[in-house]
Amino acid sequence: MAEIPRAAVIGAGPAGLAAALKLADGGLRVLLLDAEDRLGGSPFEFGCKATDRCANCYACLTLQQIRDVQTHESIEVVTAARVTDLTGPPDGRVLHIGDRQEPVSGVIVATGYRLAEVETARPDYGLGAVPGVGTALELEKRFRSGSLGDSPPRTLAFVQCAGSRDSAIGRDYCSRVCCTYALRLARAIHHRIPEIEMTLFYQDLTPAGAGFDALVAECESIMALRRGLPAKVYQEPGGARPIVCRADTLTGRISEEPYDEVALSVGLWAREDPELESVLGLAKDEHGFYEGSSQHRVLLAGACRGPMSIGEASEDGRVAAAELLRRVGTTVRGAVAIIGEDEHAEAVARREGFEPVRARAMSGVAGAFIAETDEAAVPVVGGIFVGRRADAEEEPLPPHVRSLYSKSGYGKAQSARRVAILLDFWAPYSRIAHEKALELAASRTGEKQRTWILCRHAFTGEQGLEALMTQVRESGTAIIHLPEAPEVESGLLTYVDPGMGKRQELKVDLIVAAPSLGPTSGQLLDLDAHHLNGRARLGAAHPTETPVEELQPPSNPHLGLSGTPREGIHVIGWLRDPGASREAARRAEAAALADLATPRQGGRAEVDPAKCAICLTCIRACPHSAPVAIYDEERERDVSFIQPEACVSCGLCVSLCPASAISHSNHSDESIARNLEELHAE
Amino acid sequence: MLSKDTVAFLCANGGQLLDAAYPEVLGDAVRVPIPCASRLDVVHVLRAVEQGARRVLVVACPAGNCRSMVGPDEAERRLHRAAALLREAGSHAQCILARAAANAPEDLRSTLAASLEDAANQIEEAPA
C-alpha cells in the first residue's frame with residue numbers, strides 16, 4: 001500500500017493552522033512547523049473585542065484552530081523549528097529541519113508579518129522615548145489584563161499609519177487592518193471604561209470588510225475621529241504628558257494638544273528570513289512581501305504575501321491548501337453549482353478542478369444537493385450564490401449626478417473634459433467605487449481633461465492602490481476630502497474648502513457618483529428560500545413575515561468570508577458585501593471553492609424513527625437545515641431524518657425534541673448526567 | 001475562586017477553549033463539556049443542583065459568534081426556565097449565563113464577579 005504523502009506547512013499563525021487542517025482533512029499527513037515555541041502566530045496576542053456583540057475580528061478562532069491541530073491525528077507539530085534546506089528532484093523533495101529530513105509532496109509558506117519598527121522609522125512619534133507613548137497592542141494588553149481600568153487615562157489618542165502609507169520611509173502601502181483594529185479596540189475600551197475621552201487621528205479610514213460604515217458611525221458617537229496625522233509627538237515641557245502636534249487636513253488648523261496617553265497603530269511589515277527565502281526560492285515584491293517561489297509545489301499563504309486580516313489569512317491558508325491538494329491529486333472534486341451568471345467564478349471553479357454548473361436554483365442538503373439548470377437536474381457537491389453587480393438594485397442619486405456603475409456615467413466620464421467623481425456621500429463606503437474612481441481618473445489622460453475626486457476617505461487598502469492614487473495625483477487629478485457632500489447643481493459643485501475654510505465653486509461637464517447598492521427583495525427571498533438566513537424554514541412558507549433586510553446571510557467568524565449556516569452553500573459578491581473590492585470578492589470566491597474541495601466530517605445527531613412524532617420541531621429549529629422529513633416504509637409514515645453531512649453536532653434539536661427522539665452520540669442526556677455524577681463523585 | 005459546588009457547562013467552541021487556555025478563571029468548578037450552549041437542557045441544570053451544585057454556570061459565545069447562531073439565546077431561555085423551577089422548589093442555587101469568546105477570560109471574570117457580588121447581596125438582604 002502506498003504511503004500517504006506528507007506536506008509541510010511553515011508558520012503556525014491563522015494561515016498556517018488553517019492550511020494544516022485543510023490538508024489533513026484532505027487526506028495528507030501534515031508537518032506543521034513554527035519558529036516560535038508556541039502555536040498561533042501574531043493573533044495569539046490579540047484579545048476579544050466584542051461589546052454586546054461579536055466584533056467579527058476572528059482572533060478567537062486561533063484557539064479553536066490550535067486545539068483542532070493538536071488533536072488531529074494526521075498533523076505533527078514541531079515548534080522552535082528551523083527549515084535549513086529543501087533538496088531532491090521535484091517528485092521526491094526532502095525538507096531539512098535541522099538534522100531531521102522529511103520527504104514532502106509540497107510546502108506551504110505561511111510565516112506572517114512583523115510589526116513596523118516605529119522607534120527607528122518614525123522617531124518623531126516618541127515611541128520608547130516619550131512617557132505615555134506606546135503601541136495599540138500594548139494598550140490592548142493592559143486593557144485585557146484590567147490594569148487600564150484600574151488607572152485609566154483621562155484622555156487617549158490613537159495615531160494611525162505608524163510605519164505604513166509613508167513614502168518617506170519607503171513604506172508607501174496601506175497595512176489594511178490597522179484602522180479596523182484601532183476602532184474595534186476603542187469601541188471595546190469605551191464599552192468597559194466609558195470615562196476615557198478618546199481621539200483617533202487618521203489619514204483615511206480604511207475598512208477591512210463589510211460593516212465598516214456601522215463601525216465608524218458607532219465610533220463617531222463615542223470618540224473624536226480627526227483627519228490628519230501628527231507631524232510629531234513630544235514630551236510636554238516641564239510635564240510628563242505627550243503632546244500631539246498636527247495639522248488637521250479637513251480644517252487646515254494646526255494644533256498641539258496634550259494627551260495622557262498616545263497609542264500608535266503600528267503598520268505591518270514583511271518578515272525577513274534570508275535563509276528560508278534562499279532555501280525555498282522565494283521572490284519578494286518591492287516591499288519585501290513574498291510573491292512566489294521558484295520551487296516546485298511551494299505555495300504561499302497569509303500575511304507573508306501582504307497585509308491581511310486574521311479572517312482573510314485563515315481563508316488564504318485554506319485556499320493554498322486546496323490548491324496543493326489539487327496539485328498532489330488527493331481529492332476528487334465534483335460538480336459545483338454557480339447561481340448567478342459569473343464567467344469568472346466558473347473559470348476559477350474549472351481551474352480548481354470542479355465542473356461548474358450554471359444553475360437557476362438548488363435543492364437538497366449537503367451531500368445530496370441538486371442544481372436546477374434550464375435543461376436538467378444535476379447532482380452537485382455544493383453551490384455558490386454569486387451577487388453580480390449588474391443585478392444589484394441602485395438607490396437613486398441626486399439630480400444631475402450619474403452612476404459610476406453605468407455607461408452614461410462611467411462611459412461618458414472617460415471622454416468628458418471636466419469630471420467630478422463623488423464617493424461615499426450618498427452611499428455606504430464602497431471599496432469597489434474607490435477602485436473604479438482611481439481607474440477612471442488614471443484613464444483620463446487627454447490634454448484638456450481635468451478630474452476631481454471628492455470623498456470622505458480615500459481607499460488604498462488593496463495591493464497597488466496606494467501607487468495608483470499617487471500616480472493619478474501626480475498626473476493632475478485633485479483628491480479633495482470633505483466631511484459632507486457638496487451642494488450639486490447642473491454642472492456645478494459648491495463646497496467649503498477644508499484647507500482655506502472658504503466656499504468654493506467647481507464647474508464641471510459631468511458629475512458621477514457611487515450609488516448605494518443592494519439586493520432586491522426578490523433576490524433576498526430567493527436566498528431565504530434556500531435557508532441561508534440561518535433560521536430554518538419550511539420552504540418559502542410565510543416569507544413576508546420577515547423584514548427583507550434580515551434575510552441576508554449572517555456574518556460570523558465561524559462561517560468565514562463566504563460561508564452560510566448551511567453546509568455546502570456559499571454566498572459571494574455584492575450579496576455578501578456590496579462594497580467589496582475586486583480582490584475581496586475574489587478572495588471570497590476562492591474561499592468558497594476551497595471549502596467545497598474537501599468533504600467535512602458528518603454530524604452526530606440521530607433520530608429514532610420509532611419515537612419521532614413528526615412534529616417538525618427539529619426541522620423548524622435547526623439553524624443548519626439538517627433535519628428533513630422522509631417517508632419510513634417500515635412504519636408507513638413520515639419521520640424526521642438528520643442529514644449527517646449538514647449536521648454540525650450542536651445538539652439544539654436533541655434538547656428541543658419533545659418526544660426525546662433525537663440523540664447525540666457524544667452528548668446524550670444520559671452521558672451528561674453520568675458526567676455530572678462522576679465529576680461530583682471525584 | 002470558584003469551588004466544586006459550581007457546575008460549569010462549557011460549549012466546545014468557546015467555554016472549553018477558554019478553560020483550556022485560562023483554567024484559573026473557573027478554579028475548582030466542575031466542568032461539563034457540551035457541543036454548543038444550545039445543547040443545554042433544563043434537566044441538566046436541575047440534575048446538577050440535585051447532585052449538590054449551589055451555582056450553575058453556562059459559558060456561551062457572545063452574540064454573533066455562535067457557530068449555530070442561536071446557542072446563547074437558547075441557553076439563556078432554558079437557564080431562565082430552570083432558575084424559575086428551582087425558585088419554585090425553594091432552591092437558592094444560582095444560575096449564571098456568561099457570554100465570552102474563547103480569548104476573552106476578562107469577560108468571564110467580570111460576569112462571574114458581578115454574579116458572585118449579586119449572590120452575596122442577596123444573602124445579606126435575606127431575612128434572618
# chains A, B, ... in the order shown; residues from 1 in each chain; ligands from 1

$ interface_residues --of "chain A" --to "chain B" --cutoff "6 Å" --atoms "only C-alpha atoms" --output "PyMOL selection string"
chain A and resi 47-48+53-54+60+556+558+650-652+655

$ write_last_selection --atoms "C-alpha atoms" --output "PDB file, in the first residue's frame"
ATOM      1  CA  GLY A  47      -7.917  39.604  22.650  1.00  0.00           C
ATOM      2  CA  CYS A  48     -11.644  39.618  22.060  1.00  0.00           C
ATOM      3  CA  ARG A  53     -21.930  41.531  20.158  1.00  0.00           C
ATOM      4  CA  CYS A  54     -19.037  39.791  18.475  1.00  0.00           C
ATOM      5  CA  CYS A  60     -10.863  33.838  18.937  1.00  0.00           C
ATOM      6  CA  ASN A 556     -19.953  35.136  11.728  1.00  0.00           C
ATOM      7  CA  HIS A 558     -17.194  30.546  12.215  1.00  0.00           C
ATOM      8  CA  CYS A 650     -24.610  21.402  18.045  1.00  0.00           C
ATOM      9  CA  GLY A 651     -27.302  19.371  19.788  1.00  0.00           C
ATOM     10  CA  LEU A 652     -30.034  22.003  19.569  1.00  0.00           C
ATOM     11  CA  SER A 655     -32.659  19.426  23.552  1.00  0.00           C
TER      12      SER A 655
END

$ select_by_dssp --residues "segment 181-242 of chain A" --states "strand (DSSP E or B)" --output "ChimeraX atom specification"
/A:197-202,224-227,230-235,242

$ write_last_selection --atoms "C-alpha atoms" --output "short mmCIF file (atom, residue, chain, number, x, y, z; two decimals), in the first residue's frame"
data_model
loop_
_atom_site.label_atom_id
_atom_site.label_comp_id
_atom_site.auth_asym_id
_atom_site.auth_seq_id
_atom_site.Cartn_x
_atom_site.Cartn_y
_atom_site.Cartn_z
CA GLU A 197 -12.00 60.53 26.28
CA MET A 198 -10.64 59.07 23.06
CA THR A 199 -9.46 60.62 19.81
CA LEU A 200 -8.26 58.86 16.68
CA PHE A 201 -6.00 60.60 14.16
CA TYR A 202 -6.04 59.16 10.67
CA ALA A 224 -13.44 62.07 18.13
CA LEU A 225 -12.27 60.95 14.68
CA ARG A 226 -9.96 63.58 13.25
CA ARG A 227 -8.32 63.65 9.87
CA PRO A 230 0.70 64.11 13.74
CA ALA A 231 3.96 65.54 12.46
CA LYS A 232 5.46 64.63 15.80
CA VAL A 233 4.70 63.60 19.34
CA TYR A 234 6.91 65.15 22.02
CA GLN A 235 7.09 65.42 25.77
CA PRO A 242 2.87 63.51 25.32
#

$ select_by_dssp --residues "segment 6-215 of chain A" --states "alpha helix (DSSP H)" --output "ChimeraX atom specification"
/A:14-25,61-71,118-121,136-145,147-150,178-192,212-215

$ residues_around --residues "Ala592 of chain A" --least-positions-apart "2" --cutoff "7 Å" --atoms "only C-alpha atoms" --output "MDAnalysis selection string"
chainID A and resid 562:563 570 588:590 594:596

$ decode --residues "segment 346-425 of chain A" --atoms "C-alpha atoms" --output "tab-separated table (two decimals), in the first residue's frame"
chain	number	residue	atom	x	y	z
A	346	GLU	CA	-16.96	29.40	-13.48
A	347	ALA	CA	-13.43	29.72	-14.86
A	348	VAL	CA	-11.91	29.63	-11.38
A	349	ALA	CA	-14.03	26.62	-10.44
A	350	ARG	CA	-12.84	24.83	-13.57
A	351	ARG	CA	-9.22	25.70	-12.83
A	352	GLU	CA	-9.65	24.35	-9.30
A	353	GLY	CA	-10.82	21.02	-10.64
A	354	PHE	CA	-14.58	21.45	-10.28
A	355	GLU	CA	-17.17	21.10	-13.02
A	356	PRO	CA	-19.14	24.36	-12.84
A	357	VAL	CA	-22.86	24.09	-13.45
A	358	ARG	CA	-24.70	27.30	-14.30
A	359	ALA	CA	-27.84	26.86	-12.22
A	360	ARG	CA	-31.10	28.70	-11.60
A	361	ALA	CA	-31.61	27.29	-8.12
A	362	MET	CA	-30.63	24.49	-5.79
A	363	SER	CA	-32.40	21.99	-3.64
A	364	GLY	CA	-31.43	19.23	-1.27
A	365	VAL	CA	-28.92	19.27	1.57
A	366	ALA	CA	-25.19	18.83	1.97
A	367	GLY	CA	-24.13	15.54	0.46
A	368	ALA	CA	-27.19	15.41	-1.77
A	369	PHE	CA	-27.56	18.76	-3.49
A	370	ILE	CA	-29.33	19.06	-6.81
A	371	ALA	CA	-28.70	22.03	-9.10
A	372	GLU	CA	-31.55	23.04	-11.35
A	373	THR	CA	-30.45	24.14	-14.81
A	374	ASP	CA	-32.63	25.04	-17.76
A	375	GLU	CA	-32.21	21.54	-19.14
A	376	ALA	CA	-31.77	19.17	-16.24
A	377	ALA	CA	-31.29	18.48	-12.55
A	378	VAL	CA	-27.63	17.85	-11.78
A	379	PRO	CA	-26.11	16.44	-8.57
A	380	VAL	CA	-23.54	18.89	-7.15
A	381	VAL	CA	-21.24	18.98	-4.11
A	382	GLY	CA	-22.34	22.49	-3.21
A	383	GLY	CA	-23.38	25.83	-4.54
A	384	ILE	CA	-22.09	29.36	-4.76
A	385	PHE	CA	-24.58	32.22	-4.98
A	386	VAL	CA	-22.86	34.99	-6.87
A	387	GLY	CA	-24.17	38.51	-6.39
A	388	ARG	CA	-23.42	40.22	-9.70
A	389	ARG	CA	-23.16	43.97	-9.68
A	390	ALA	CA	-25.29	44.06	-12.82
A	391	ASP	CA	-28.17	42.58	-10.82
A	392	ALA	CA	-27.88	44.99	-7.92
A	393	GLU	CA	-30.60	47.48	-7.22
A	394	GLU	CA	-29.23	51.03	-7.18
A	395	GLU	CA	-30.57	53.69	-4.85
A	396	PRO	CA	-31.34	56.91	-6.75
A	397	LEU	CA	-28.70	59.64	-6.76
A	398	PRO	CA	-29.41	63.40	-6.52
A	399	PRO	CA	-30.44	65.18	-9.76
A	400	HIS	CA	-27.57	65.95	-12.18
A	401	VAL	CA	-25.46	63.08	-10.83
A	402	ARG	CA	-24.88	59.91	-12.86
A	403	SER	CA	-23.99	56.46	-11.61
A	404	LEU	CA	-20.34	55.46	-11.63
A	405	TYR	CA	-21.54	51.95	-12.48
A	406	SER	CA	-23.49	52.96	-15.62
A	407	LYS	CA	-22.48	53.56	-19.22
A	408	SER	CA	-23.99	57.04	-19.06
A	409	GLY	CA	-21.80	57.73	-16.06
A	410	TYR	CA	-18.51	55.84	-16.27
A	411	GLY	CA	-18.64	55.56	-20.05
A	412	LYS	CA	-19.22	59.26	-20.67
A	413	ALA	CA	-16.73	60.25	-17.98
A	414	GLN	CA	-13.92	58.63	-19.96
A	415	SER	CA	-14.23	61.23	-22.71
A	416	ALA	CA	-15.71	64.30	-20.94
A	417	ARG	CA	-13.41	67.25	-20.31
A	418	ARG	CA	-14.10	68.26	-16.71
A	419	VAL	CA	-15.33	65.44	-14.49
A	420	ALA	CA	-16.06	65.31	-10.77
A	421	ILE	CA	-16.25	61.87	-9.11
A	422	LEU	CA	-18.10	61.87	-5.78
A	423	LEU	CA	-17.62	58.94	-3.40
A	424	ASP	CA	-19.15	57.78	-0.12
A	425	PHE	CA	-21.50	60.74	0.31
